[in-house]
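First up is the structure itself, then whatever we jot down about it.
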Amino acid sequence: MANMLKDKVVLVTGAGGGIGREMALLAAQEGAKVVVNDLGGAVDGEGSGNVSPAQKVCDEIKAMGGQAVPNGDSVADPAGAERMIKAGVENFGRIDGVINNAGILRDRIFHRMSHMDWKMVIDVHLNGSFNTSRAAANYFKEQKSGAFVHFTSTSGLVGNFGQANYSAAKMGIIGLSRSIALDMAAFNVRSNCISPFAWTRMIGTIPADTDAQKARLERSKRMTPAKIAPMAVFLLSDAAKDISSQIFGVRMNEIMLFNANRPVRSVHNSDGWTLESIAEHAVPSMKPFFTDLKRSPEYFTWDPI
């Protein structure tokens with residue numbers, strides 16, 4: 001099926017390179033008019049105002065016969081997020097989809113993480129996803145249609161060393177997406193998450209101090225950003241009209257569906273619990289179901305398929 005996004009207008013944040021670029025290009029190939037957002041800054045969030053990465057992607061889209069406009073605002077700025085949405089409405093008449101892909105990394109082991117490291121990552125990932133989604137929400141409500149695709153990470157789902165800020169933001173995005181899905185279902189608006197496995201500029205900043213880490217990163221280079229784009233663009237299409245509040249993983253040629261957090265074990269004591277009875281009965285009963293710290297963060301780092 002071709003042109004699955006025909007006549008739709010979509011915003012892709014952080015689309016100047018990597019996964020964002022691939023999604024913007026594929027959306028255009030499928031008939032969408034695209035607002036290509038990229039701040040033009042460094043991986044750590046420093047620097048801004050360079051619209052050339054976004055303009056370059058727009059030029060690629062136009063060269064293949066598509067329509068696109070660049071935007072260099074920061075998702076961390078609510079007014080900038082509103083300008084992104086208005087760029088779609090003013091240039092193309094409407095807004096139908098938002099892909100929240102923009103991100104930065106400021107990795108530090110937790111006891112060395114500064115308040116600025118924390119704030120900047122939360123501002124871009126979590127607050128940024130809220131800002132763009134909120135800016136689009138009233139348009140979606142009025143037209144009674146729309147789709148959000150947010151990017152989470154196994155760093156949030158599982159945890160990762162040196163990424164307390166990033167992990168917290170990415171887990172927060174899951175809660176944001178699920179609540180958007182509930183709040184806006186009455187208006188035929190959908191919200192889903194993708195946890196990508198792909199080699200990008202951000203992944204390239206991860207240190208590799210051991211032979212095992214170096215081998216893992218070399219394997220990761222096989223997981224190209226282009227492999228992520230089809231699922232994200234599909235979720236914007238009418239073919240995904242019944243899919244909302246889900247978390248998908250994409251790794252090479254594999255698509256995963258993550259389960260929602262649910263109780264895995266319950267223990268009841270009709271007399272109530274004391275510290276001693278918790279230690280003697282509750283914990284031993286639950287311990288086989290505890291998350292094994294040794295399985296994190298390597299749990300979702302299998303070799304690419």
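In the structure tokens, chains take the letters A, B, ... in the order shown, each chain's residues start at 1, and ligands count up from 1 in the order shown.
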inquiry  = What's around A:Ile194 at 9 Å? Count only C-alpha atoms, leave out sequence neighbours fewer than 3 positions away in its own chain, and write the answer as a list in words.
reply    =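 After dropping sequence-adjacent residues, the list is Val149, His150, Phe151, Thr152, Ser153, Ile228, Met231, Ala232, Gln246, Ile247, Phe248, Gly249 and Val250 of chain A.
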Selection export as an mmCIF file, in the first residue's frame, atoms kept: all heavy atoms:
```cif
data_model
loop_
_atom_site.group_PDB
_atom_site.id
_atom_site.type_symbol
_atom_site.label_atom_id
_atom_site.label_comp_id
_atom_site.auth_asym_id
_atom_site.auth_seq_id
_atom_site.Cartn_x
_atom_site.Cartn_y
_atom_site.Cartn_z
ATOM 1 N N VAL A 149 3.437 9.849 18.300
ATOM 2 C CA VAL A 149 4.411 8.775 18.474
ATOM 3 C C VAL A 149 5.557 9.346 19.301
ATOM 4 O O VAL A 149 6.220 10.293 18.874
ATOM 5 C CB VAL A 149 4.940 8.238 17.131
ATOM 6 C CG1 VAL A 149 6.008 7.175 17.378
ATOM 7 C CG2 VAL A 149 3.801 7.658 16.300
ATOM 8 N N HIS A 150 5.736 8.781 20.490
ATOM 9 C CA HIS A 150 6.778 9.256 21.400
ATOM 10 C C HIS A 150 7.907 8.234 21.455
ATOM 11 O O HIS A 150 7.663 7.028 21.362
ATOM 12 C CB HIS A 150 6.220 9.442 22.817
ATOM 13 C CG HIS A 150 4.914 10.159 22.881
ATOM 14 N ND1 HIS A 150 4.814 11.530 22.884
ATOM 15 C CD2 HIS A 150 3.645 9.684 22.933
ATOM 16 C CE1 HIS A 150 3.532 11.870 22.947
ATOM 17 N NE2 HIS A 150 2.809 10.764 22.973
ATOM 18 N N PHE A 151 9.120 8.724 21.677
ATOM 19 C CA PHE A 151 10.250 7.809 21.758
ATOM 20 C C PHE A 151 10.691 7.610 23.205
ATOM 21 O O PHE A 151 11.042 8.555 23.893
ATOM 22 C CB PHE A 151 11.407 8.306 20.893
ATOM 23 C CG PHE A 151 11.306 7.801 19.487
ATOM 24 C CD1 PHE A 151 10.314 8.281 18.645
ATOM 25 C CD2 PHE A 151 12.143 6.809 19.030
ATOM 26 C CE1 PHE A 151 10.171 7.793 17.359
ATOM 27 C CE2 PHE A 151 12.017 6.307 17.738
ATOM 28 C CZ PHE A 151 11.025 6.793 16.895
ATOM 29 N N THR A 152 10.595 6.358 23.644
ATOM 30 C CA THR A 152 11.068 5.966 24.962
ATOM 31 C C THR A 152 12.379 5.210 24.781
ATOM 32 O O THR A 152 13.037 5.319 23.758
ATOM 33 C CB THR A 152 10.003 5.137 25.698
ATOM 34 O OG1 THR A 152 10.470 4.845 27.021
ATOM 35 C CG2 THR A 152 9.673 3.853 24.972
ATOM 36 N N SER A 153 12.790 4.448 25.780
ATOM 37 C CA SER A 153 14.057 3.731 25.696
ATOM 38 C C SER A 153 14.082 2.602 26.711
ATOM 39 O O SER A 153 13.430 2.674 27.763
ATOM 40 C CB SER A 153 15.221 4.690 25.976
ATOM 41 O OG SER A 153 16.444 3.987 26.102
ATOM 42 N N ILE A 228 14.003 1.782 12.008
ATOM 43 C CA ILE A 228 13.023 2.258 12.986
ATOM 44 C C ILE A 228 11.858 2.976 12.307
ATOM 45 O O ILE A 228 10.722 2.938 12.774
ATOM 46 C CB ILE A 228 13.693 3.220 13.993
ATOM 47 C CG1 ILE A 228 14.973 2.609 14.553
ATOM 48 C CG2 ILE A 228 12.723 3.596 15.106
ATOM 49 C CD1 ILE A 228 14.801 1.316 15.289
ATOM 50 N N MET A 231 7.862 1.565 11.453
ATOM 51 C CA MET A 231 6.886 1.420 12.534
ATOM 52 C C MET A 231 6.351 2.771 12.990
ATOM 53 O O MET A 231 5.145 2.935 13.219
ATOM 54 C CB MET A 231 7.518 0.687 13.717
ATOM 55 C CG MET A 231 6.516 0.305 14.806
ATOM 56 S SD MET A 231 5.338 -0.913 14.204
ATOM 57 C CE MET A 231 4.056 -0.821 15.447
ATOM 58 N N ALA A 232 7.241 3.757 13.108
ATOM 59 C CA ALA A 232 6.813 5.085 13.546
ATOM 60 C C ALA A 232 5.853 5.707 12.548
ATOM 61 O O ALA A 232 4.808 6.261 12.927
ATOM 62 C CB ALA A 232 8.024 5.989 13.746
ATOM 63 N N GLN A 246 0.186 1.896 23.437
ATOM 64 C CA GLN A 246 1.079 0.740 23.362
ATOM 65 C C GLN A 246 2.542 1.178 23.377
ATOM 66 O O GLN A 246 2.872 2.320 23.084
ATOM 67 C CB GLN A 246 0.804 -0.075 22.101
ATOM 68 C CG GLN A 246 -0.633 -0.543 21.957
ATOM 69 C CD GLN A 246 -1.109 -1.358 23.140
ATOM 70 O OE1 GLN A 246 -0.398 -2.248 23.636
ATOM 71 N NE2 GLN A 246 -2.304 -1.057 23.622
ATOM 72 N N ILE A 247 3.403 0.225 23.715
ATOM 73 C CA ILE A 247 4.850 0.440 23.683
ATOM 74 C C ILE A 247 5.448 -0.616 22.760
ATOM 75 O O ILE A 247 5.365 -1.816 23.041
ATOM 76 C CB ILE A 247 5.490 0.298 25.077
ATOM 77 C CG1 ILE A 247 4.791 1.194 26.100
ATOM 78 C CG2 ILE A 247 6.989 0.634 25.014
ATOM 79 C CD1 ILE A 247 5.174 0.870 27.533
ATOM 80 N N PHE A 248 6.032 -0.166 21.668
ATOM 81 C CA PHE A 248 6.661 -1.070 20.717
ATOM 82 C C PHE A 248 8.181 -0.935 20.792
ATOM 83 O O PHE A 248 8.704 0.138 21.065
ATOM 84 C CB PHE A 248 6.209 -0.760 19.289
ATOM 85 C CG PHE A 248 4.739 -0.971 19.055
ATOM 86 C CD1 PHE A 248 3.847 0.099 19.136
ATOM 87 C CD2 PHE A 248 4.240 -2.228 18.759
ATOM 88 C CE1 PHE A 248 2.492 -0.092 18.924
ATOM 89 C CE2 PHE A 248 2.890 -2.432 18.544
ATOM 90 C CZ PHE A 248 2.006 -1.357 18.627
ATOM 91 N N GLY A 249 8.852 -2.024 20.535
ATOM 92 C CA GLY A 249 10.297 -1.996 20.356
ATOM 93 C C GLY A 249 10.609 -2.371 18.926
ATOM 94 O O GLY A 249 9.928 -3.213 18.336
ATOM 95 N N VAL A 250 11.608 -1.733 18.344
ATOM 96 C CA VAL A 250 12.033 -2.065 16.979
ATOM 97 C C VAL A 250 13.536 -2.291 16.995
ATOM 98 O O VAL A 250 14.300 -1.417 17.427
ATOM 99 C CB VAL A 250 11.678 -0.960 15.977
ATOM 100 C CG1 VAL A 250 12.113 -1.370 14.575
ATOM 101 C CG2 VAL A 250 10.182 -0.657 15.998
#
```
* Using only C-alpha atoms, find the one residue out of A:Val12, A:Leu236, A:Val89, A:Ile19 that sits nearest to A:Ser195. =>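 Smallest separation from A:Ser195 among the options: A:Ile19.
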key: Backbone-only DSSP, strand (DSSP E or B) members of stretch 4-215 of chain A, as a PyMOL selection string   = chain A and resi 9-12+33-37+67-71+97-100+146-151+189-197
What separates atom CA of A:Gly146 and atom CA of A:Arg190 is a distance of 6.4 Å
(message) I need the residues in stretch 93-144 of chain A that are helix (DSSP H, G or I) according to DSSP; give them as a VMD selection string.
(response) chain A and resid 110 to 112 115 to 143
Selection file, C-alpha atoms, as a PDB file, in the first residue's frame:
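Generated output (result.pdb):
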```pdb
ATOM      1  CA  PHE A 110      24.339   9.276  39.695  1.00  0.00           C
ATOM      2  CA  HIS A 111      26.454  10.610  42.579  1.00  0.00           C
ATOM      3  CA  ARG A 112      28.219  12.937  40.128  1.00  0.00           C
ATOM      4  CA  HIS A 115      21.226  19.514  38.725  1.00  0.00           C
ATOM      5  CA  MET A 116      21.878  21.004  35.282  1.00  0.00           C
ATOM      6  CA  ASP A 117      22.563  17.542  33.822  1.00  0.00           C
ATOM      7  CA  TRP A 118      19.228  16.420  35.257  1.00  0.00           C
ATOM      8  CA  LYS A 119      17.237  19.476  34.228  1.00  0.00           C
ATOM      9  CA  MET A 120      18.453  19.698  30.634  1.00  0.00           C
ATOM     10  CA  VAL A 121      17.680  16.060  29.845  1.00  0.00           C
ATOM     11  CA  ILE A 122      14.258  16.192  31.508  1.00  0.00           C
ATOM     12  CA  ASP A 123      13.484  19.464  29.713  1.00  0.00           C
ATOM     13  CA  VAL A 124      14.237  18.076  26.261  1.00  0.00           C
ATOM     14  CA  HIS A 125      12.872  14.545  26.524  1.00  0.00           C
ATOM     15  CA  LEU A 126       9.945  14.689  28.938  1.00  0.00           C
ATOM     16  CA  ASN A 127       8.971  18.358  28.933  1.00  0.00           C
ATOM     17  CA  GLY A 128       9.685  18.540  25.205  1.00  0.00           C
ATOM     18  CA  SER A 129       7.308  15.655  24.494  1.00  0.00           C
ATOM     19  CA  PHE A 130       4.655  17.387  26.591  1.00  0.00           C
ATOM     20  CA  ASN A 131       5.219  20.758  24.933  1.00  0.00           C
ATOM     21  CA  THR A 132       4.790  19.593  21.346  1.00  0.00           C
ATOM     22  CA  SER A 133       1.926  17.266  22.227  1.00  0.00           C
ATOM     23  CA  ARG A 134       0.102  19.986  24.139  1.00  0.00           C
ATOM     24  CA  ALA A 135       0.604  22.423  21.265  1.00  0.00           C
ATOM     25  CA  ALA A 136      -1.034  19.957  18.862  1.00  0.00           C
ATOM     26  CA  ALA A 137      -3.772  18.740  21.220  1.00  0.00           C
ATOM     27  CA  ASN A 138      -6.402  21.390  20.532  1.00  0.00           C
ATOM     28  CA  TYR A 139      -6.005  21.023  16.763  1.00  0.00           C
ATOM     29  CA  PHE A 140      -6.446  17.266  17.112  1.00  0.00           C
ATOM     30  CA  LYS A 141      -9.457  17.771  19.376  1.00  0.00           C
ATOM     31  CA  GLU A 142     -11.189  20.127  16.970  1.00  0.00           C
ATOM     32  CA  GLN A 143     -10.656  17.939  13.912  1.00  0.00           C
TER      33      GLN A 143
END
```
*Excluding A:Ile243 and residues on its chain fewer than 6 positions from it, collect all residues at most 9 Å away from it, counting only C-alpha atoms, and give them as an NGL selection string.*
:A and (190-192 or 235)
Pick out the residues sitting within 10 Å of A:Val51, and hand them over as a ChimeraX atom specification; count only C-alpha atoms, and ignore anything fewer than 6 positions along from it in its own chain. /A:16,36-41,70-73
Per residue of stretch 82-201 of chain A within 10 Å of stretch 23-32 of chain A, what are the shortest atom pair and its distance in Å to one decimal, counting only C-alpha atoms, with rows by chain and residue number, as CSV?
```
residue,atom,partner,partner_atom,distance
A:Asp96,CA,A:Ala32,CA,9.4
A:Gly97,CA,A:Ala32,CA,9.6
A:Ile99,CA,A:Met23,CA,8.6
A:Asn101,CA,A:Met23,CA,9.5
```
Original post:
In terms of the shortest atom-to-atom distance over only C-alpha atoms, which of A:Pro225, A:Asp77, A:Gly162, A:Met113 is closest to A:Gly17?
Top reply: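 Of A:Pro225, A:Asp77, A:Gly162, A:Met113, the one nearest A:Gly17 is A:Pro225, counting only C-alpha atoms.
Among the candidates A:Asn259, A:Ser244, A:Asp292, A:Thr210, the residue lying nearest to A:Leu182 is A:Ser244 (atoms considered: only C-alpha atoms).
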Among the residues A:Gly80, A:Gly103, A:Gly159, A:Gly65, the one that comes closest to A:Thr291 [using only C-alpha atoms]
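Among the listed residues, A:Gly159 lies closest to A:Thr291.
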**Spatial neighbours of A:Lys170, 6 Å, only C-alpha atoms, chain gap at least 2 places, as a list in words** = Thr152, Ser153, Gly156, Ser167, Ala168, Gly172 and Ile173 of chain A
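Going from atom CA of A:Gly175 over to atom CA of A:Asn261, you cover 10.7 Å.
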